[in-house]
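Listing of final14.pdb; format and content: PDB, C-alpha atoms.
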```pdb
MODEL        1
ATOM      1  CA  MET A 241       0.000   0.000   0.000
ATOM      2  CA  ASN A 242       1.297   3.449  -0.913
ATOM      3  CA  ASP A 243       2.031   5.427   2.278
ATOM      4  CA  GLU A 244       0.939   8.707   0.653
ATOM      5  CA  ILE A 245      -2.446   7.285  -0.350
ATOM      6  CA  LYS A 246      -2.932   5.876   3.166
ATOM      7  CA  ALA A 247      -2.004   9.239   4.727
ATOM      8  CA  VAL A 248      -4.546  11.080   2.549
ATOM      9  CA  ALA A 249      -7.211   8.482   3.393
ATOM     10  CA  ASP A 250      -6.453   8.945   7.106
ATOM     11  CA  ARG A 251      -6.844  12.732   6.755
ATOM     12  CA  LEU A 252     -10.153  12.199   4.931
ATOM     13  CA  ILE A 253     -11.388   9.942   7.754
ATOM     14  CA  GLY A 254     -10.214  12.512  10.305
ATOM     15  CA  LEU A 255     -12.061  15.311   8.538
ATOM     16  CA  ARG A 256     -15.232  13.254   8.363
ATOM     17  CA  GLU A 257     -15.022  12.320  12.049
ATOM     18  CA  ILE A 258     -14.191  15.854  13.246
ATOM     19  CA  MET A 259     -17.084  17.279  11.227
ATOM     20  CA  ASP A 260     -19.369  14.456  12.471
ATOM     21  CA  VAL A 261     -20.227  13.458   8.909
ATOM     22  CA  SER A 262     -21.670  10.009   8.211
ATOM     23  CA  LEU A 263     -20.362   7.764   5.450
ATOM     24  CA  GLU A 264     -23.680   8.284   3.647
ATOM     25  CA  GLU A 265     -23.345  12.071   3.765
ATOM     26  CA  ALA A 266     -19.714  11.978   2.609
ATOM     27  CA  ALA A 267     -20.646   9.747  -0.328
ATOM     28  CA  ARG A 268     -23.509  12.105  -1.233
ATOM     29  CA  VAL A 269     -21.196  15.150  -1.108
ATOM     30  CA  CYS A 270     -18.755  13.359  -3.431
ATOM     31  CA  ASN A 271     -21.563  12.099  -5.688
ATOM     32  CA  ILE A 272     -20.395   8.489  -5.399
ATOM     33  CA  SER A 273     -21.720   5.305  -3.817
ATOM     34  CA  ILE A 274     -21.107   4.538  -0.151
ATOM     35  CA  ASP A 275     -19.104   1.461  -1.173
ATOM     36  CA  GLN A 276     -16.858   3.559  -3.422
ATOM     37  CA  TYR A 277     -16.362   6.109  -0.662
ATOM     38  CA  LYS A 278     -15.452   3.342   1.819
ATOM     39  CA  THR A 279     -12.912   2.049  -0.706
ATOM     40  CA  TYR A 280     -11.244   5.481  -0.768
ATOM     41  CA  GLU A 281     -11.150   5.657   3.036
ATOM     42  CA  SER A 282      -9.548   2.202   3.149
ATOM     43  CA  GLY A 283      -6.288   3.711   1.922
ATOM     44  CA  LYS A 284      -5.861   0.850  -0.535
ATOM     45  CA  VAL A 285      -6.822   2.777  -3.673
ATOM     46  CA  ASP A 286      -5.995   6.233  -4.918
ATOM     47  CA  ILE A 287      -8.491   9.002  -4.186
ATOM     48  CA  PRO A 288      -9.350  11.261  -7.143
ATOM     49  CA  VAL A 289      -8.655  14.953  -6.629
ATOM     50  CA  GLY A 290     -12.337  15.620  -7.382
ATOM     51  CA  VAL A 291     -13.423  13.592  -4.348
ATOM     52  CA  LEU A 292     -10.955  15.426  -2.127
ATOM     53  CA  GLN A 293     -12.043  18.770  -3.558
ATOM     54  CA  SER A 294     -15.706  17.945  -2.915
ATOM     55  CA  MET A 295     -15.005  17.195   0.746
ATOM     56  CA  ALA A 296     -12.681  20.200   1.146
ATOM     57  CA  HIS A 297     -15.227  22.571  -0.378
ATOM     58  CA  GLU A 298     -18.231  21.218   1.517
ATOM     59  CA  TYR A 299     -16.525  21.300   4.909
ATOM     60  CA  GLY A 300     -14.349  24.401   4.550
ATOM     61  CA  ILE A 301     -10.906  22.829   4.634
ATOM     62  CA  ASP A 302      -8.073  23.569   2.240
ATOM     63  CA  LEU A 303      -7.587  21.000  -0.545
ATOM     64  CA  GLY A 304      -3.820  21.232  -0.115
ATOM     65  CA  THR A 305      -4.201  20.365   3.564
ATOM     66  CA  LEU A 306      -6.077  17.169   2.685
ATOM     67  CA  ILE A 307      -3.454  16.258   0.098
ATOM     68  CA  SER A 308      -0.268  17.200   1.955
ATOM     69  CA  GLY A 309      -1.209  17.453   5.618
ATOM     70  CA  ASN A 310       0.268  20.976   5.734
ATOM     71  CA  GLU A 311      -1.718  24.140   6.344
ATOM     72  CA  PRO A 312      -1.282  27.058   3.915
ATOM     73  CA  HIS A 313       0.140  30.243   5.453
ATOM     74  CA  MET A 314       0.373  32.828   2.663
ATOM     75  CA  HIS A 315      -2.180  35.661   2.412
ATOM     76  CA  SER A 316      -0.848  37.971  -0.320
ATOM     77  CA  TYR A 317       0.848  35.576  -2.735
ATOM     78  CA  SER A 318       2.292  32.093  -3.027
ATOM     79  CA  LEU A 319       5.290  31.576  -5.311
ATOM     80  CA  THR A 320       5.933  28.158  -6.822
ATOM     81  CA  LYS A 321       9.230  27.816  -8.681
ATOM     82  CA  LYS A 322       9.437  25.749 -11.861
ATOM     83  CA  ASP A 323       9.069  22.017 -11.155
ATOM     84  CA  LYS A 324       8.843  22.708  -7.398
ATOM     85  CA  GLY A 325       5.078  22.397  -6.905
ATOM     86  CA  LEU A 326       3.778  19.817  -4.471
ATOM     87  CA  SER A 327       3.953  16.518  -6.331
ATOM     88  CA  VAL A 328       0.643  14.751  -6.062
ATOM     89  CA  GLN A 329       0.496  11.216  -7.445
ATOM     90  CA  ARG A 330      -3.258  11.021  -7.022
ATOM     91  CA  ARG A 331      -3.931   8.565  -9.830
ATOM     92  CA  ASP A 332      -1.871   6.005 -11.685
ATOM     93  CA  ASP A 333      -2.596   7.599 -15.059
ATOM     94  CA  TYR A 334      -1.971  11.276 -14.182
ATOM     95  CA  GLU A 335       0.913  13.066 -12.447
ATOM     96  CA  TYR A 336      -0.223  16.260 -10.704
ATOM     97  CA  GLN A 337       1.914  19.113  -9.433
ATOM     98  CA  ALA A 338      -0.070  21.446  -7.166
ATOM     99  CA  LEU A 339       0.911  25.077  -7.737
ATOM    100  CA  SER A 340      -0.778  27.032  -4.953
ATOM    101  CA  THR A 341      -0.915  24.913  -1.796
ATOM    102  CA  GLY A 342       0.739  27.654   0.281
ATOM    103  CA  PHE A 343      -2.020  30.230  -0.285
ATOM    104  CA  GLN A 344      -4.921  30.431   2.154
ATOM    105  CA  ASN A 345      -8.561  30.582   1.054
ATOM    106  CA  ARG A 346      -7.899  29.958  -2.644
ATOM    107  CA  LYS A 347     -10.780  30.400  -5.065
ATOM    108  CA  ALA A 348      -9.223  27.898  -7.516
ATOM    109  CA  ASP A 349      -6.682  25.067  -7.489
ATOM    110  CA  PRO A 350      -4.098  25.130 -10.302
ATOM    111  CA  PHE A 351      -2.126  22.010 -11.219
ATOM    112  CA  ILE A 352       0.434  21.058 -13.845
ATOM    113  CA  VAL A 353      -0.707  17.653 -15.070
ATOM    114  CA  GLN A 354       1.289  15.200 -17.144
ATOM    115  CA  ILE A 355      -0.169  12.136 -18.808
ATOM    116  CA  THR A 356       1.596   9.423 -20.772
ATOM    117  CA  PRO A 357       0.364   7.287 -23.673
ATOM    118  CA  GLU A 358       1.140   4.111 -21.710
ATOM    119  CA  ARG A 359      -0.952   5.121 -18.712
ATOM    120  CA  THR A 360      -3.876   6.552 -20.693
ATOM    121  CA  LYS A 361      -4.458   3.785 -23.246
ATOM    122  CA  GLU A 362      -7.820   3.423 -21.558
ATOM    123  CA  ILE A 363      -9.497   6.686 -20.569
ATOM    124  CA  HIS A 364     -10.603   6.792 -16.931
ATOM    125  CA  PHE A 365     -13.441   9.199 -16.305
ATOM    126  CA  ASN A 366     -14.173  11.327 -13.280
ATOM    127  CA  SER A 367     -16.308  14.285 -12.336
ATOM    128  CA  HIS A 368     -16.274  16.800  -9.513
ATOM    129  CA  PRO A 369     -18.076  19.975  -8.483
ATOM    130  CA  GLY A 370     -17.265  23.268 -10.144
ATOM    131  CA  HIS A 371     -15.580  24.161 -13.398
ATOM    132  CA  GLU A 372     -12.228  23.298 -14.915
ATOM    133  CA  PHE A 373      -9.905  25.147 -17.257
ATOM    134  CA  GLU A 374      -7.122  23.368 -19.153
ATOM    135  CA  TYR A 375      -4.313  24.869 -21.236
ATOM    136  CA  MET A 376      -2.048  22.578 -23.264
ATOM    137  CA  ILE A 377       1.644  23.214 -22.610
ATOM    138  CA  GLU A 378       3.227  20.273 -24.468
ATOM    139  CA  GLY A 379       2.030  17.462 -26.709
ATOM    140  CA  SER A 380      -1.561  16.727 -27.574
ATOM    141  CA  MET A 381      -4.407  14.873 -25.939
ATOM    142  CA  LYS A 382      -7.928  13.701 -26.445
ATOM    143  CA  LEU A 383     -10.294  15.148 -23.870
ATOM    144  CA  VAL A 384     -13.723  13.546 -23.588
ATOM    145  CA  ILE A 385     -16.373  15.627 -21.823
ATOM    146  CA  ASP A 386     -19.817  14.093 -21.384
ATOM    147  CA  GLY A 387     -19.258  11.886 -24.454
ATOM    148  CA  LYS A 388     -17.928  14.684 -26.686
ATOM    149  CA  GLU A 389     -14.354  14.139 -27.948
ATOM    150  CA  LEU A 390     -12.051  17.150 -28.254
ATOM    151  CA  ILE A 391      -8.445  17.173 -29.485
ATOM    152  CA  LEU A 392      -6.204  19.686 -27.713
ATOM    153  CA  GLU A 393      -2.772  20.598 -29.021
ATOM    154  CA  GLU A 394      -0.067  22.877 -27.676
ATOM    155  CA  GLY A 395      -1.546  26.337 -27.039
ATOM    156  CA  ASP A 396      -5.189  25.151 -27.057
ATOM    157  CA  SER A 397      -7.428  25.633 -24.042
ATOM    158  CA  VAL A 398     -10.835  24.537 -22.859
ATOM    159  CA  TYR A 399     -13.155  25.602 -20.038
ATOM    160  CA  PHE A 400     -15.875  23.159 -18.973
ATOM    161  CA  ASP A 401     -18.423  22.068 -16.408
ATOM    162  CA  ALA A 402     -16.472  19.564 -14.293
ATOM    163  CA  THR A 403     -19.654  17.871 -13.041
ATOM    164  CA  LYS A 404     -19.761  16.226 -16.476
ATOM    165  CA  LYS A 405     -17.810  12.974 -16.774
ATOM    166  CA  HIS A 406     -14.416  13.760 -18.293
ATOM    167  CA  GLY A 407     -11.137  11.999 -18.999
ATOM    168  CA  MET A 408      -7.937  12.457 -20.981
ATOM    169  CA  GLN A 409      -5.678  10.445 -23.259
ATOM    170  CA  ALA A 410      -2.181  11.354 -24.487
ATOM    171  CA  LEU A 411      -1.904  11.191 -28.277
ATOM    172  CA  ASN A 412       0.765  10.489 -30.908
ATOM    173  CA  GLY A 413       2.827   8.245 -28.637
ATOM    174  CA  LYS A 414       4.085  11.228 -26.596
ATOM    175  CA  ASN A 415       3.522  12.635 -23.145
ATOM    176  CA  ALA A 416       1.065  15.516 -22.789
ATOM    177  CA  LYS A 417       1.466  18.309 -20.250
ATOM    178  CA  PHE A 418      -1.224  20.844 -19.388
ATOM    179  CA  LEU A 419      -2.234  23.430 -16.835
ATOM    180  CA  ALA A 420      -5.478  22.437 -15.108
ATOM    181  CA  ILE A 421      -7.286  24.947 -12.934
ATOM    182  CA  ILE A 422     -10.140  23.569 -10.853
ATOM    183  CA  ILE A 423     -12.581  26.298  -9.913
TER     184      ILE A 423
ENDMDL
END
```

In structure tokens, write the structure found in this file.
Amino acid sequence: MNDEIKAVADRLIGLREIMDVSLEEAARVCNISIDQYKTYESGKVDIPVGVLQSMAHEYGIDLGTLISGNEPHMHSYSLTKKDKGLSVQRRDDYEYQALSTGFQNRKADPFIVQITPERTKEIHFNSHPGHEFEYMIEGSMKLVIDGKELILEEGDSVYFDATKKHGMQALNGKNAKFLAIII
């Protein structure tokens, strides 16, 4: 079992217990089944960022705190140097780098996300509350939103309703890198 995944699951359980939230309520907030929610709390499977964001938003805790265990302290700005964002291996098929975990009371959560052709042969879908903006930095990818397929290449961007099922796939046998902002 990955220690990082277990640590995040433990923080999720702690949040739920401190807030006196039932498993049923937590599953409803995350828009998933109780069994799926229990699986995430087991610490044996990775927890999608969308699930963590749903809980963080609903119960007024910082997403970065759930992910890293560290409280943000910055009020005016939070600088993240190139390739120095908090590395978040939330899913096997995506590599996330959180860019603003030091800033308190964020209105959005920006990430640099990298996907590989090997890990995205099969598209895994997720959904979460809010909106999402993506800007392609390198490579190209197929983005499927609510059944609609879009091809994004370097310099392209898309803004969408993140409650719709969505997933990505790297194209042309190359890695794809993009900025994702969850709002």

Could you tell me, as a ChimeraX atom specification, which residues have any atom at most 9 Å from (-10.8, 5.8, -18.8), counting all atoms listed in the file? /A:360-366,406-409

Ground truth for the PyMOL selection byres ((chain A and resi 284) around 7), written as a short mmCIF file (atom, residue, chain, number, x, y, z; two decimals) with C-alpha atoms, in the frame of the given file:
```
data_model
loop_
_atom_site.label_atom_id
_atom_site.label_comp_id
_atom_site.auth_asym_id
_atom_site.auth_seq_id
_atom_site.Cartn_x
_atom_site.Cartn_y
_atom_site.Cartn_z
CA MET A 241 0.00 0.00 0.00
CA LYS A 246 -2.93 5.88 3.17
CA SER A 282 -9.55 2.20 3.15
CA GLY A 283 -6.29 3.71 1.92
CA VAL A 285 -6.82 2.78 -3.67
CA ASP A 286 -6.00 6.23 -4.92
#
```

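Neighbours of segment 394-398 of chain A closer than or equal to 6 Å, with all atoms listed in the file counted and sequence neighbours fewer than 3 positions away skipped, come out as A:Phe373, A:Glu374, A:Tyr375, A:Met376, A:Ile377, A:Glu378, A:Gly379.
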
Output of the PyMOL selection byres ((chain A and resi 245) around 12), listed as a PDB file with C-alpha atoms, in the frame of the given file:
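Just written: out.pdb:
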```
ATOM      1  CA  MET A 241       0.000   0.000   0.000  1.00  0.00           C
ATOM      2  CA  ASN A 242       1.297   3.449  -0.913  1.00  0.00           C
ATOM      3  CA  ASP A 243       2.031   5.427   2.278  1.00  0.00           C
ATOM      4  CA  GLU A 244       0.939   8.707   0.653  1.00  0.00           C
ATOM      5  CA  LYS A 246      -2.932   5.876   3.166  1.00  0.00           C
ATOM      6  CA  ALA A 247      -2.004   9.239   4.727  1.00  0.00           C
ATOM      7  CA  VAL A 248      -4.546  11.080   2.549  1.00  0.00           C
ATOM      8  CA  ALA A 249      -7.211   8.482   3.393  1.00  0.00           C
ATOM      9  CA  ASP A 250      -6.453   8.945   7.106  1.00  0.00           C
ATOM     10  CA  ARG A 251      -6.844  12.732   6.755  1.00  0.00           C
ATOM     11  CA  LEU A 252     -10.153  12.199   4.931  1.00  0.00           C
ATOM     12  CA  THR A 279     -12.912   2.049  -0.706  1.00  0.00           C
ATOM     13  CA  TYR A 280     -11.244   5.481  -0.768  1.00  0.00           C
ATOM     14  CA  GLU A 281     -11.150   5.657   3.036  1.00  0.00           C
ATOM     15  CA  SER A 282      -9.548   2.202   3.149  1.00  0.00           C
ATOM     16  CA  GLY A 283      -6.288   3.711   1.922  1.00  0.00           C
ATOM     17  CA  LYS A 284      -5.861   0.850  -0.535  1.00  0.00           C
ATOM     18  CA  VAL A 285      -6.822   2.777  -3.673  1.00  0.00           C
ATOM     19  CA  ASP A 286      -5.995   6.233  -4.918  1.00  0.00           C
ATOM     20  CA  ILE A 287      -8.491   9.002  -4.186  1.00  0.00           C
ATOM     21  CA  PRO A 288      -9.350  11.261  -7.143  1.00  0.00           C
ATOM     22  CA  VAL A 289      -8.655  14.953  -6.629  1.00  0.00           C
ATOM     23  CA  LEU A 292     -10.955  15.426  -2.127  1.00  0.00           C
ATOM     24  CA  LEU A 306      -6.077  17.169   2.685  1.00  0.00           C
ATOM     25  CA  ILE A 307      -3.454  16.258   0.098  1.00  0.00           C
ATOM     26  CA  SER A 308      -0.268  17.200   1.955  1.00  0.00           C
ATOM     27  CA  GLY A 309      -1.209  17.453   5.618  1.00  0.00           C
ATOM     28  CA  VAL A 328       0.643  14.751  -6.062  1.00  0.00           C
ATOM     29  CA  GLN A 329       0.496  11.216  -7.445  1.00  0.00           C
ATOM     30  CA  ARG A 330      -3.258  11.021  -7.022  1.00  0.00           C
ATOM     31  CA  ARG A 331      -3.931   8.565  -9.830  1.00  0.00           C
ATOM     32  CA  ASP A 332      -1.871   6.005 -11.685  1.00  0.00           C
TER      33      ASP A 332
END
```

Residues within 7 Å of His313 of chain A, please, as a ChimeraX atom specification. Count only C-alpha atoms; anything in the same chain fewer than 3 positions from it doesn't count. /A:342-344

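The neighbours of Tyr277 of chain A here are the residues that come within 9 Å of it, using all atoms listed in the file and leaving out any residue fewer than 3 positions away in the same chain; they are Leu263, Glu264, Ala266, Ala267, Cys270, Ile272, Ser273, Ile274, Tyr280, Glu281, Ser282 and Val291 of chain A.
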
So how many Å separate atom CA of Ala420 of chain A and atom CA of Arg268 of chain A, to one decimal? 25.0 Å

So what does the PyMOL selection byres ((chain A and resi 405) around 12) actually pick up in this one, as a VMD selection string? chain A and resid 271 290 363 to 369 371 to 372 383 to 389 400 to 404 406 to 408

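Taking atom CA of Tyr334 of chain A as the reference point, atom CA of Arg256 of chain A is found at 26.2 Å.
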
Counting only C-alpha atoms, figure out which residue out of A:Met381, A:Ala296, A:Ile253, A:Thr320 gets nearest to Phe351 of chain A. A:Thr320

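Atom CA of Met295 of chain A sits 10.4 Å away from atom CA of Val261 of chain A.
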
Find the residue from A:Thr305, A:Ile355, A:His297, A:Gln276 that sits nearest to Gly254 of chain A; use all atoms listed in the file when measuring. A:Thr305

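When only C-alpha atoms are used to measure the gap to Thr341 of chain A, the shortest distance among A:Glu311, A:Glu298, A:Asp260, A:Glu393 belongs to A:Glu311.
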
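Distances here use all atoms listed in the file; by that measure, the residue among A:Phe418, A:Gly370, A:Ser316, A:Ile423 closest to Glu335 of chain A is A:Phe418.
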
First collect every listed atom of segment 309-323 of chain A; then fit an axis-aligned box around them, widen it by 4 Å on each side, and give centre and edge lengths in Å to one decimal, as AutoDock Vina command-line options.
```
--center_x 3.6 --center_y 27.7 --center_z -2.8 --size_x 19.6 --size_y 28.5 --size_z 26.2
```
